[in-house]
file coords_38.txt (compact mmCIF, C-alpha atoms)
# COMPACT_ATOMS: atom_id res chain seq x y z
CA MET X 44 0.00 0.00 0.00
CA ASP X 45 3.00 2.34 0.29
CA HIS X 46 2.90 3.05 -3.44
CA LEU X 47 -0.68 4.33 -3.11
CA ILE X 48 0.35 6.75 -0.37
CA SER X 49 3.25 7.94 -2.53
CA GLU X 50 0.87 8.54 -5.43
CA LEU X 51 -1.62 10.41 -3.25
CA SER X 52 1.14 12.51 -1.71
CA GLU X 53 2.50 13.42 -5.13
CA ARG X 54 -0.94 14.49 -6.33
CA VAL X 55 -1.38 16.69 -3.28
CA ARG X 56 2.04 18.30 -3.75
CA GLU X 57 1.34 18.94 -7.42
CA ALA X 58 -2.07 20.42 -6.65
CA ALA X 59 -0.55 22.64 -3.98
CA ALA X 60 2.13 23.88 -6.37
CA HIS X 61 -0.50 24.92 -8.91
CA LYS X 62 -3.16 25.88 -6.31
CA ARG X 63 -5.49 23.40 -7.97
CA PRO X 64 -8.48 22.30 -5.83
CA LEU X 65 -8.90 18.67 -4.82
CA ARG X 66 -12.05 16.97 -3.58
CA ILE X 67 -11.21 14.08 -1.26
CA ARG X 68 -13.61 11.23 -1.92
CA GLY X 69 -14.17 7.81 -0.40
CA GLY X 70 -17.42 6.26 -1.62
CA GLY X 71 -19.24 9.52 -2.31
CA SER X 72 -22.15 8.63 0.00
CA LYS X 73 -21.96 12.03 1.74
CA ASP X 74 -21.63 14.16 -1.41
CA PHE X 75 -25.10 15.58 -0.75
CA TYR X 76 -23.73 17.45 2.26
CA ALA X 77 -21.99 20.46 0.76
CA TYR X 78 -22.38 24.14 0.10
CA GLN X 79 -20.53 23.50 -3.16
CA LEU X 80 -18.54 20.55 -4.49
CA GLU X 81 -15.37 21.79 -6.16
CA GLY X 82 -12.09 20.28 -7.26
CA GLU X 83 -10.71 17.23 -8.97
CA PRO X 84 -11.67 14.05 -7.07
CA LEU X 85 -8.89 12.47 -5.01
CA ALA X 86 -10.13 8.90 -4.60
CA LEU X 87 -9.29 6.89 -1.48
CA SER X 88 -11.35 3.80 -2.37
CA GLU X 89 -8.30 1.68 -3.28
CA TYR X 90 -6.53 2.40 0.00
CA ARG X 91 -8.48 -0.11 2.05
CA GLY X 92 -8.18 -2.93 4.56
CA VAL X 93 -7.91 -3.50 8.30
CA VAL X 94 -4.40 -2.71 9.53
CA ASP X 95 -4.70 -3.97 13.10
CA TYR X 96 -7.52 -5.40 15.17
CA GLU X 97 -7.24 -7.16 18.50
CA PRO X 98 -10.75 -7.62 19.98
CA SER X 99 -9.42 -7.92 23.53
CA GLU X 100 -7.95 -4.41 23.22
CA LEU X 101 -11.22 -2.88 21.93
CA VAL X 102 -9.30 -0.98 19.22
CA MET X 103 -9.34 -1.26 15.44
CA THR X 104 -7.03 0.48 12.98
CA ALA X 105 -8.07 0.50 9.32
CA ARG X 106 -7.39 2.36 6.08
CA ALA X 107 -9.71 5.15 5.01
CA GLY X 108 -11.06 3.45 1.89
CA THR X 109 -12.26 0.36 3.80
CA PRO X 110 -16.04 -0.06 3.32
CA LEU X 111 -17.90 0.80 6.51
CA ALA X 112 -19.98 -2.36 6.12
CA GLU X 113 -16.77 -4.41 6.09
CA ILE X 114 -15.64 -2.76 9.32
CA GLU X 115 -18.98 -3.47 11.00
CA ASP X 116 -19.00 -7.10 9.81
CA ALA X 117 -15.51 -7.70 11.26
CA LEU X 118 -16.56 -6.18 14.58
CA ALA X 119 -19.84 -8.12 14.70
CA ALA X 120 -17.97 -11.40 14.20
CA ALA X 121 -16.10 -10.60 17.43
CA GLY X 122 -19.24 -9.48 19.28
CA GLN X 123 -18.30 -5.80 19.03
CA MET X 124 -19.56 -2.64 17.31
CA LEU X 125 -18.93 1.01 16.52
CA GLY X 126 -20.43 2.77 19.53
CA CYS X 127 -21.50 5.89 17.64
CA GLU X 128 -23.69 3.84 15.24
CA PRO X 129 -22.73 5.99 12.22
CA PRO X 130 -25.11 6.23 9.23
CA HIS X 131 -23.97 4.89 5.87
CA PHE X 132 -26.30 6.77 3.49
CA GLY X 133 -25.46 4.25 0.79
CA PRO X 134 -23.57 0.98 0.24
CA SER X 135 -20.38 2.80 -0.80
CA ALA X 136 -19.76 4.38 2.62
CA THR X 137 -16.16 4.13 3.85
CA LEU X 138 -14.42 4.43 7.19
CA GLY X 139 -12.67 7.61 6.07
CA GLY X 140 -15.97 9.14 5.02
CA CYS X 141 -17.50 8.16 8.35
CA ILE X 142 -14.80 10.07 10.23
CA ALA X 143 -14.61 12.99 7.81
CA ALA X 144 -18.39 13.47 8.06
CA GLY X 145 -18.60 12.94 11.81
CA PHE X 146 -22.24 11.86 11.59
CA SER X 147 -23.46 9.82 14.57
CA GLY X 148 -26.54 7.62 14.68
CA PRO X 149 -29.31 6.89 17.20
CA ARG X 150 -26.90 5.61 19.88
CA ARG X 151 -24.97 8.87 20.08
CA ALA X 152 -26.70 10.30 23.19
CA ALA X 153 -25.97 7.12 25.15
CA ALA X 154 -22.53 6.09 23.87
CA GLY X 155 -20.88 9.19 22.38
CA SER X 156 -20.11 10.78 19.02
CA VAL X 157 -17.74 9.68 16.27
CA ARG X 158 -15.16 12.14 17.63
CA ASP X 159 -15.29 10.46 21.05
CA PHE X 160 -14.09 7.17 19.54
CA VAL X 161 -11.24 8.43 17.34
CA LEU X 162 -7.91 7.61 19.00
CA GLY X 163 -5.50 8.45 16.20
CA THR X 164 -5.18 9.20 12.50
CA ARG X 165 -2.67 9.13 9.70
CA VAL X 166 -3.11 12.19 7.49
CA LEU X 167 -1.70 13.92 4.41
CA ASN X 168 -1.64 17.67 5.00
CA GLY X 169 -1.84 20.39 2.35
CA ALA X 170 1.88 20.03 1.63
CA GLY X 171 1.56 16.30 0.95
CA GLU X 172 3.35 15.39 4.19
CA ASP X 173 2.48 12.01 5.73
CA LEU X 174 1.69 12.74 9.39
CA ARG X 175 0.47 10.68 12.33
CA PHE X 176 -1.54 12.02 15.26
CA GLY X 177 -2.74 10.40 18.47
CA GLY X 178 -2.29 6.68 19.04
CA GLN X 179 -4.19 3.52 19.87
CA VAL X 180 -4.99 4.25 23.51
CA MET X 181 -6.80 7.15 25.13
CA LYS X 182 -3.82 8.17 27.32
CA ASN X 183 -1.83 9.11 24.20
CA VAL X 184 -4.21 12.01 23.55
CA ALA X 185 -2.67 15.22 24.86
CA GLY X 186 -2.58 18.86 23.85
CA PHE X 187 -4.27 19.96 20.62
CA ASP X 188 -5.94 16.83 19.29
CA VAL X 189 -5.59 16.95 15.50
CA SER X 190 -7.12 13.48 15.06
CA ARG X 191 -10.43 14.60 16.49
CA LEU X 192 -10.16 17.88 14.66
CA MET X 193 -10.24 15.89 11.41
CA THR X 194 -13.58 14.40 12.49
CA GLY X 195 -16.35 16.36 10.81
CA SER X 196 -13.94 18.37 8.63
CA PHE X 197 -15.30 16.79 5.41
CA GLY X 198 -11.87 16.60 3.84
CA THR X 199 -11.25 20.33 4.05
CA LEU X 200 -8.22 20.08 6.36
CA GLY X 201 -6.37 17.02 5.09
CA VAL X 202 -6.54 13.52 3.63
CA ILE X 203 -7.40 10.90 6.25
CA LEU X 204 -5.37 7.81 5.33
CA GLU X 205 -5.89 5.60 8.37
CA ALA X 206 -7.72 5.80 11.67
CA SER X 207 -7.63 4.01 15.01
CA LEU X 208 -10.99 3.71 16.72
CA LYS X 209 -12.14 2.59 20.12
CA VAL X 210 -14.89 -0.03 19.74
CA LEU X 211 -17.48 -1.40 22.16
CA PRO X 212 -18.89 -4.82 23.08
CA ARG X 213 -22.34 -5.48 21.66
CA PRO X 214 -25.07 -5.47 24.35
CA GLU X 215 -26.34 -8.81 25.58
CA ASP X 216 -29.93 -7.82 24.83
CA GLU X 217 -31.85 -5.07 23.03
CA PHE X 218 -35.56 -4.34 22.94
CA THR X 219 -37.65 -1.54 21.40
CA LEU X 220 -40.88 -0.12 22.81
CA ARG X 221 -43.32 2.42 21.38
CA PHE X 222 -45.71 4.93 22.94
CA GLU X 223 -48.37 6.99 21.18
CA MET X 224 -48.35 10.57 22.50
CA GLY X 225 -48.09 14.23 21.56
CA GLU X 226 -44.83 16.03 20.87
CA ALA X 227 -44.70 18.06 24.08
CA ARG X 228 -45.29 14.99 26.22
CA ALA X 229 -42.69 13.03 24.23
CA ILE X 230 -40.03 15.70 24.87
CA GLU X 231 -40.86 15.75 28.57
CA THR X 232 -40.79 11.95 28.73
CA MET X 233 -37.41 11.66 27.00
CA ASN X 234 -35.86 14.21 29.34
CA ARG X 235 -37.35 12.48 32.40
CA TRP X 236 -36.02 9.10 31.29
CA ALA X 237 -32.57 10.60 30.59
CA ALA X 238 -32.32 11.60 34.26
CA GLN X 239 -33.03 8.05 35.46
CA PRO X 240 -30.76 4.97 35.61
CA LEU X 241 -32.35 3.29 32.59
CA PRO X 242 -30.44 1.33 29.90
CA ILE X 243 -31.76 3.55 27.10
CA SER X 244 -29.55 3.51 23.99
CA ALA X 245 -31.82 5.46 21.61
CA THR X 246 -34.99 7.54 21.47
CA CYS X 247 -36.95 8.77 18.47
CA TYR X 248 -40.21 10.69 18.17
CA ALA X 249 -41.90 10.82 14.76
CA SER X 250 -45.48 10.90 13.47
CA GLY X 251 -47.05 10.85 16.94
CA VAL X 252 -45.04 7.87 18.21
CA LEU X 253 -42.18 7.84 20.71
CA SER X 254 -39.85 4.86 20.27
CA VAL X 255 -37.21 3.88 22.80
CA ARG X 256 -34.50 1.23 22.58
CA LEU X 257 -33.23 -0.53 25.69
CA SER X 258 -29.75 -2.10 25.53
CA GLY X 259 -27.74 -3.99 28.12
CA SER X 260 -27.92 -7.17 30.14
CA ARG X 261 -31.03 -9.36 29.81
CA LEU X 262 -31.98 -8.71 33.42
CA GLY X 263 -31.43 -4.96 33.07
CA VAL X 264 -33.47 -4.70 29.87
CA ALA X 265 -36.28 -6.81 31.34
CA ALA X 266 -36.42 -4.65 34.46
CA ALA X 267 -36.54 -1.44 32.38
CA ARG X 268 -39.30 -2.85 30.17
CA SER X 269 -41.39 -3.59 33.23
CA ARG X 270 -40.72 -0.13 34.65
CA ILE X 271 -41.57 2.09 31.65
CA GLY X 272 -44.24 -0.02 29.93
CA GLY X 273 -45.09 0.60 26.28
CA ASP X 274 -45.87 -1.67 23.34
CA PRO X 275 -43.17 -3.96 21.93
CA VAL X 276 -41.86 -3.34 18.40
CA ALA X 277 -41.46 -6.62 16.55
CA GLU X 278 -38.83 -5.36 14.09
CA GLY X 279 -36.88 -3.05 16.36
CA GLN X 280 -33.57 -3.48 14.57
CA ALA X 281 -35.14 -2.58 11.22
CA PHE X 282 -36.79 0.48 12.72
CA TRP X 283 -33.54 1.90 14.10
CA HIS X 284 -31.82 1.17 10.80
CA SER X 285 -34.48 3.30 9.09
CA VAL X 286 -33.85 6.10 11.59
CA ARG X 287 -30.10 5.87 11.14
CA GLU X 288 -30.31 5.85 7.35
CA GLN X 289 -33.14 8.43 7.22
CA THR X 290 -35.55 6.29 5.21
CA LEU X 291 -38.61 7.18 7.31
CA ASP X 292 -41.21 9.26 5.45
CA ALA X 293 -40.74 12.08 7.96
CA PHE X 294 -37.22 12.68 6.61
CA ARG X 295 -38.37 13.36 3.05
CA GLY X 296 -38.03 16.85 1.65
CA PRO X 297 -35.57 19.69 2.29
CA LEU X 298 -34.02 18.51 5.54
CA TRP X 299 -32.49 20.60 8.32
CA ARG X 300 -30.65 19.47 11.44
CA LEU X 301 -31.20 21.46 14.63
CA SER X 302 -28.95 20.78 17.60
CA ILE X 303 -30.60 22.50 20.57
CA LYS X 304 -31.24 22.27 24.31
CA ALA X 305 -32.93 18.91 24.95
CA SER X 306 -35.80 20.33 27.01
CA THR X 307 -36.82 22.89 24.36
CA PRO X 308 -40.62 22.75 23.85
CA PRO X 309 -42.04 21.93 20.39
CA LEU X 310 -40.70 24.33 17.76
CA ALA X 311 -43.26 26.53 16.05
CA LEU X 312 -41.98 25.73 12.57
CA PRO X 313 -43.78 24.24 9.55
CA GLY X 314 -42.95 20.78 8.24
CA ARG X 315 -42.42 17.23 9.46
CA GLN X 316 -40.17 16.60 12.43
CA VAL X 317 -38.12 13.73 13.85
CA ILE X 318 -36.74 14.14 17.36
CA GLU X 319 -33.74 12.12 18.57
CA TRP X 320 -31.09 12.09 21.30
CA ASN X 321 -33.54 12.71 24.17
CA GLY X 322 -34.78 15.90 22.52
CA SER X 323 -31.46 17.55 21.67
CA LEU X 324 -31.55 16.66 17.96
CA ARG X 325 -34.49 17.89 15.89
CA TRP X 326 -34.70 16.95 12.20
CA LEU X 327 -37.06 19.17 10.24
CA ALA X 328 -38.22 18.50 6.69
CA THR X 329 -39.49 21.95 5.79
CA GLU X 330 -39.79 24.67 3.19
CA ALA X 331 -39.14 27.31 5.87
CA SER X 332 -36.41 29.84 5.09
CA ALA X 333 -32.85 29.44 6.28
CA GLN X 334 -33.23 32.59 8.35
CA GLN X 335 -36.25 31.15 10.20
CA LEU X 336 -34.31 28.02 11.08
CA PHE X 337 -31.13 29.81 12.13
CA ASP X 338 -33.16 32.13 14.37
CA ALA X 339 -35.24 29.33 15.91
CA ALA X 340 -32.17 27.24 16.72
CA ARG X 341 -30.31 30.18 18.23
CA LYS X 342 -33.31 31.04 20.39
CA ALA X 343 -33.33 27.41 21.61
CA GLY X 344 -29.69 27.61 22.65
CA GLY X 345 -28.20 25.78 19.66
CA HIS X 346 -27.61 25.93 15.93
CA ALA X 347 -29.18 24.80 12.65
CA THR X 348 -27.44 23.14 9.71
CA ARG X 349 -28.75 22.54 6.22
CA PHE X 350 -28.58 18.79 5.74
CA ARG X 351 -30.35 17.90 2.50
CA THR X 352 -31.43 20.74 0.21
CA SER X 353 -30.20 22.17 -3.06
CA ASN X 354 -26.60 23.42 -3.18
CA GLY X 355 -26.24 27.14 -2.76
CA THR X 356 -28.39 27.35 0.37
CA PRO X 357 -26.28 28.47 3.36
CA MET X 358 -25.29 25.40 5.37
CA MET X 359 -24.71 27.10 8.69
CA ARG X 360 -24.28 30.48 10.31
CA LEU X 361 -21.25 30.93 12.54
CA ASP X 362 -20.33 33.79 14.82
CA PRO X 363 -17.52 35.89 13.28
CA ALA X 364 -15.04 34.76 15.95
CA VAL X 365 -15.78 31.08 15.31
CA LEU X 366 -15.57 31.56 11.54
CA GLU X 367 -12.19 33.23 11.97
CA LEU X 368 -10.98 30.25 14.03
CA HIS X 369 -12.08 27.90 11.21
CA LYS X 370 -10.11 30.02 8.72
CA ARG X 371 -6.97 29.91 10.87
CA LEU X 372 -7.18 26.11 11.22
CA LYS X 373 -7.66 25.79 7.47
CA THR X 374 -4.61 27.98 6.81
CA ALA X 375 -2.45 26.02 9.26
CA LEU X 376 -3.22 22.61 7.76
CA ASP X 377 -3.97 23.54 4.14
CA PRO X 378 -2.14 26.83 3.44
CA ASN X 379 -2.87 26.74 -0.31
CA GLY X 380 -6.56 26.08 0.21
CA ILE X 381 -6.66 23.07 -2.11
CA PHE X 382 -8.83 20.69 -0.06
CA GLY X 383 -12.57 21.02 -0.69
CA PRO X 384 -12.90 24.78 -1.13
CA HIS X 385 -16.42 25.99 -0.26
CA ARG X 386 -17.47 22.52 0.85
CA LEU X 387 -18.65 23.87 4.21
CA HIS X 388 -18.29 27.63 4.03
CA ALA X 389 -19.16 30.17 1.37
CA GLU X 390 -16.19 32.30 2.48
CA PHE X 391 -13.40 29.78 1.79
call {"tool": "encode", "arguments": {"input": "coords_38.txt", "output": "C-alpha cells"}}
result
Amino acid sequence: MDHLISELSERVREAAAHKRPLRIRGGGSKDFYAYQLEGEPLALSEYRGVVDYEPSELVMTARAGTPLAEIEDALAAAGQMLGCEPPHFGPSATLGGCIAAGFSGPRRAAAGSVRDFVLGTRVLNGAGEDLRFGGQVMKNVAGFDVSRLMTGSFGTLGVILEASLKVLPRPEDEFTLRFEMGEARAIETMNRWAAQPLPISATCYASGVLSVRLSGSRLGVAAARSRIGGDPVAEGQAFWHSVREQTLDAFRGPLWRLSIKASTPPLALPGRQVIEWNGSLRWLATEASAQQLFDAARKAGGHATRFRTSNGTPMMRLDPAVLELHKRLKTALDPNGIFGPHRLHAEF
C-alpha cells in the first residue's frame, strides 16, 4: 500500500504547487452534504483494509477506503460494534468518510459521538506530508488533538489515510418499545427518562409515536421494560436502521438538522419533524427559510445546519469569531486552500 500513499502525496504536492483544488472522496455517500462541491476528485477507495484489530484491546485500525460495512462485519464477528452507530447513506460508505463526516446515529446520546471514539489518525496535509496524530490508547491524547479535529472536517483540512478507533462490546440484549403521545409529552418523557438509571440507547419521536431502545444485560433490559411499559416493536432493529439511514417518510423533503437544548418545547416551525437524542436533535423536513431556522435554533440555545437541500443554500451560520478560528485552522493545515474549497463555508 505504500505506493498508493506515494501517489496520493505526489498528487497533493502537485495540486498545492498549482493551487489546484482537490475533492477528497471515499465512496461519495456524503456528497449531498456540501455548500458547493469543487475540485478534482482524489479517490481513497483503493486504500483499504484492516491494519490492526485485537478484539481484547477494543481498538481497530483501518485504512480510510475500507467499506464501513466491512468494518462493521468484522466487529460483529467478534461481538463488538462502533459505539457511535454511524449512518452509511449508501452501500459505498467508507471508514474515512464516516470520520470525515462525523455523523453519529441513534446511539450517540448514550454512547458518544464519532469524535469520542477516534484515538488516532494518519493524514496527508496540504503540503503532501504524511503525518500521524494520536495513538491507539486514550492516554496518548494530549494537547491539541488533531485526530479529532479531522472528524467532521469533510476533507477540508487534510486527507485521512488511516484511523484508530475505540470499539465497544455489543449489548447482551436489546428491545424496542413504542408509545403513542403528543410532541410536548414526548419531549418531557425523554428528558425524564434521561435523568433516570435506565439502559436507554436510543430515542426517536416521529409521526405521533415515541420509540425507545433498551440495551444492556437481559436482566437490566427486562427490568426497564417492566418499569416504563409501552408496546413492543417486533422489528426493532429494522426500525432503528431506518432512523439511522433516514428512510422514514418524515425525513423526506428539504431537511435541516437542529442541535438544541434537549428540554426545548415543540418548535413553532412548519414541516415534518423527527426528534432524537432525548430531545437535543431535531430533524425538520421543511420549506421554511434558512433565516427562520437559524433564528429558531439560536433562540433554543443551539444551531441549525442545512442537511439535504439544493446546493447554494447556506449550510450554517457561525459567529464571526468562530468563523475566523475555522479560517486559521484551514490555513495552518492547508495553506494553499486546495482541499474542498467551499465545501462547508461560502467564504473559503
call {"tool": "closest_atom_pairs", "arguments": {"input": "coords_38.txt", "of": "region 219-318 of chain X", "to": "region 338-345 of chain X", "cutoff": "6 Å", "atoms": "all atoms listed in the file", "output": "tab-separated table"}}
result
residue	atom	partner	partner_atom	distance
X:Ser302	CA	X:Gly345	CA	5.5
X:Ile303	CA	X:Gly345	CA	4.2
X:Lys304	CA	X:Gly344	CA	5.8
call {"tool": "atom_distance", "arguments": {"input": "coords_38.txt", "atom1": "CA of Thr232 (chain X)", "atom2": "CA of Arg287 (chain X)"}}
result
21.5 Å
call {"tool": "residues_around", "arguments": {"input": "coords_38.txt", "residues": "Glu205 (chain X)", "least_positions_apart": "5", "cutoff": "6 Å", "atoms": "all atoms listed in the file", "output": "PyMOL selection string"}}
result
chain X and resi 105-107+164-165
call {"tool": "closest_atom_pairs", "arguments": {"input": "coords_38.txt", "of": "region 240-266 of chain X", "to": "region 312-327 of chain X", "cutoff": "7 Å", "atoms": "only C-alpha atoms", "output": "Markdown table"}}
result
| residue | atom | partner | partner_atom | distance |
| --- | --- | --- | --- | --- |
| X:Ala245 | CA | X:Trp320 | CA | 6.7 |
| X:Thr246 | CA | X:Glu319 | CA | 5.6 |
| X:Cys247 | CA | X:Glu319 | CA | 4.6 |
| X:Tyr248 | CA | X:Ile318 | CA | 5.0 |
| X:Ala249 | CA | X:Val317 | CA | 4.9 |
call {"tool": "closest_atom_pairs", "arguments": {"input": "coords_38.txt", "of": "region 91-145 of chain X", "to": "region 75-83 of chain X", "cutoff": "12 Å", "atoms": "only C-alpha atoms", "output": "CSV"}}
result
residue,atom,partner,partner_atom,distance
X:Phe132,CA,X:Phe75,CA,9.9
X:Gly133,CA,X:Phe75,CA,11.4
X:Gly140,CA,X:Tyr76,CA,11.7
X:Ala143,CA,X:Tyr76,CA,11.6
X:Ala144,CA,X:Tyr76,CA,8.8
X:Gly145,CA,X:Tyr76,CA,11.7
call {"tool": "atom_distance", "arguments": {"input": "coords_38.txt", "atom1": "CA of Arg63 (chain X)", "atom2": "CA of Leu85 (chain X)"}}
result
11.8 Å
call {"tool": "atom_distance", "arguments": {"input": "coords_38.txt", "atom1": "CA of Thr352 (chain X)", "atom2": "CA of Thr109 (chain X)"}}
result
28.2 Å
call {"tool": "residues_around", "arguments": {"input": "coords_38.txt", "residues": "region 172-174 of chain X", "least_positions_apart": "3", "cutoff": "12 Å", "atoms": "all atoms listed in the file", "output": "ChimeraX atom specification"}}
result
/X:45,48-56,59,163-169,177,189-190,201-206,376-377
call {"tool": "closest_residue", "arguments": {"input": "coords_38.txt", "among": "X:Leu211, X:Leu47, X:Leu220, X:Leu387", "to": "Leu125 (chain X)", "atoms": "only C-alpha atoms"}}
result
X:Leu211
call {"tool": "residues_around", "arguments": {"input": "coords_38.txt", "residues": "His61 (chain X)", "least_positions_apart": "3", "cutoff": "12 Å", "atoms": "only C-alpha atoms", "output": "list in words"}}
result
Arg54, Val55, Arg56, Glu57, Ala58, Pro64, Leu65, Ala170, Asn379, Gly380 and Ile381 of chain X
call {"tool": "closest_residue", "arguments": {"input": "coords_38.txt", "among": "X:Arg270, X:Ser258, X:Tyr96, X:Thr199", "to": "Ala375 (chain X)", "atoms": "only C-alpha atoms"}}
result
X:Thr199
call {"tool": "closest_atom_pairs", "arguments": {"input": "coords_38.txt", "of": "region 136-171 of chain X", "to": "region 110-116 of chain X", "cutoff": "10 Å", "atoms": "all atoms listed in the file", "output": "Markdown table"}}
result
| residue | atom | partner | partner_atom | distance |
| --- | --- | --- | --- | --- |
| X:Ala136 | CA | X:Leu111 | CA | 5.6 |
| X:Thr137 | CA | X:Pro110 | CA | 4.2 |
| X:Leu138 | CA | X:Leu111 | CA | 5.1 |
| X:Gly139 | CA | X:Leu111 | CA | 8.6 |
| X:Gly140 | CA | X:Leu111 | CA | 8.7 |
| X:Cys141 | CA | X:Leu111 | CA | 7.6 |
call {"tool": "residues_around", "arguments": {"input": "coords_38.txt", "residues": "Glu231 (chain X)", "least_positions_apart": "4", "cutoff": "9 Å", "atoms": "all atoms listed in the file", "output": "PDB file with C-alpha atoms, in the coordinates of the input"}}
result
ATOM      1  CA  GLU X 226     -44.830  16.030  20.870  1.00  0.00           C
ATOM      2  CA  ALA X 227     -44.700  18.060  24.080  1.00  0.00           C
ATOM      3  CA  ARG X 235     -37.350  12.480  32.400  1.00  0.00           C
ATOM      4  CA  TRP X 236     -36.020   9.100  31.290  1.00  0.00           C
ATOM      5  CA  SER X 306     -35.800  20.330  27.010  1.00  0.00           C
ATOM      6  CA  PRO X 308     -40.620  22.750  23.850  1.00  0.00           C
ATOM      7  CA  GLY X 322     -34.780  15.900  22.520  1.00  0.00           C
TER       8      GLY X 322
END
call {"tool": "closest_residue", "arguments": {"input": "coords_38.txt", "among": "X:Thr356, X:Gln123, X:Thr329, X:Ser254", "to": "Ala293 (chain X)", "atoms": "only C-alpha atoms"}}
result
X:Thr329
call {"tool": "closest_residue", "arguments": {"input": "coords_38.txt", "among": "X:Pro275, X:Ser135, X:Phe282, X:Ala389", "to": "Lys370 (chain X)", "atoms": "all atoms listed in the file"}}
result
X:Ala389
call {"tool": "build_atoms", "arguments": {"input": "coords_38.txt", "residues": "region 310-326 of chain X", "atoms": "N, CA and C atoms", "output": "PDB file, in the coordinates of the input"}}
result
ATOM      1  N   LEU X 310     -41.046  23.159  18.543  1.00  0.00           N
ATOM      2  CA  LEU X 310     -40.700  24.330  17.760  1.00  0.00           C
ATOM      3  C   LEU X 310     -41.860  24.744  16.869  1.00  0.00           C
ATOM      4  N   ALA X 311     -42.144  26.020  16.862  1.00  0.00           N
ATOM      5  CA  ALA X 311     -43.260  26.530  16.050  1.00  0.00           C
ATOM      6  C   ALA X 311     -42.776  26.765  14.625  1.00  0.00           C
ATOM      7  N   LEU X 312     -42.467  25.671  13.938  1.00  0.00           N
ATOM      8  CA  LEU X 312     -41.980  25.730  12.570  1.00  0.00           C
ATOM      9  C   LEU X 312     -42.784  24.776  11.691  1.00  0.00           C
ATOM     10  N   PRO X 313     -43.016  25.135  10.429  1.00  0.00           N
ATOM     11  CA  PRO X 313     -43.780  24.240   9.550  1.00  0.00           C
ATOM     12  C   PRO X 313     -42.942  23.039   9.125  1.00  0.00           C
ATOM     13  N   GLY X 314     -43.634  21.954   8.771  1.00  0.00           N
ATOM     14  CA  GLY X 314     -42.950  20.780   8.240  1.00  0.00           C
ATOM     15  C   GLY X 314     -43.062  19.565   9.136  1.00  0.00           C
ATOM     16  N   ARG X 315     -42.430  18.491   8.707  1.00  0.00           N
ATOM     17  CA  ARG X 315     -42.420  17.230   9.460  1.00  0.00           C
ATOM     18  C   ARG X 315     -41.148  17.166  10.315  1.00  0.00           C
ATOM     19  N   GLN X 316     -41.285  16.593  11.490  1.00  0.00           N
ATOM     20  CA  GLN X 316     -40.170  16.600  12.430  1.00  0.00           C
ATOM     21  C   GLN X 316     -39.871  15.207  12.969  1.00  0.00           C
ATOM     22  N   VAL X 317     -38.595  14.939  13.164  1.00  0.00           N
ATOM     23  CA  VAL X 317     -38.120  13.730  13.850  1.00  0.00           C
ATOM     24  C   VAL X 317     -37.229  14.209  14.983  1.00  0.00           C
ATOM     25  N   ILE X 318     -37.492  13.714  16.187  1.00  0.00           N
ATOM     26  CA  ILE X 318     -36.740  14.140  17.360  1.00  0.00           C
ATOM     27  C   ILE X 318     -35.928  12.958  17.888  1.00  0.00           C
ATOM     28  N   GLU X 319     -34.629  13.165  18.051  1.00  0.00           N
ATOM     29  CA  GLU X 319     -33.740  12.120  18.570  1.00  0.00           C
ATOM     30  C   GLU X 319     -32.937  12.650  19.757  1.00  0.00           C
ATOM     31  N   TRP X 320     -32.078  11.755  20.272  1.00  0.00           N
ATOM     32  CA  TRP X 320     -31.090  12.090  21.300  1.00  0.00           C
ATOM     33  C   TRP X 320     -31.737  12.777  22.496  1.00  0.00           C
ATOM     34  N   ASN X 321     -32.843  12.215  22.974  1.00  0.00           N
ATOM     35  CA  ASN X 321     -33.540  12.710  24.170  1.00  0.00           C
ATOM     36  C   ASN X 321     -34.053  14.137  24.011  1.00  0.00           C
ATOM     37  N   GLY X 322     -34.230  14.566  22.778  1.00  0.00           N
ATOM     38  CA  GLY X 322     -34.780  15.900  22.520  1.00  0.00           C
ATOM     39  C   GLY X 322     -33.773  16.907  22.025  1.00  0.00           C
ATOM     40  N   SER X 323     -32.486  16.574  22.048  1.00  0.00           N
ATOM     41  CA  SER X 323     -31.460  17.550  21.670  1.00  0.00           C
ATOM     42  C   SER X 323     -31.211  17.620  20.170  1.00  0.00           C
ATOM     43  N   LEU X 324     -31.702  16.647  19.413  1.00  0.00           N
ATOM     44  CA  LEU X 324     -31.550  16.660  17.960  1.00  0.00           C
ATOM     45  C   LEU X 324     -32.932  16.691  17.320  1.00  0.00           C
ATOM     46  N   ARG X 325     -33.208  17.745  16.569  1.00  0.00           N
ATOM     47  CA  ARG X 325     -34.490  17.890  15.890  1.00  0.00           C
ATOM     48  C   ARG X 325     -34.234  17.940  14.374  1.00  0.00           C
ATOM     49  N   TRP X 326     -34.742  16.944  13.666  1.00  0.00           N
ATOM     50  CA  TRP X 326     -34.700  16.950  12.200  1.00  0.00           C
ATOM     51  C   TRP X 326     -35.981  17.596  11.703  1.00  0.00           C
TER      52      TRP X 326
END
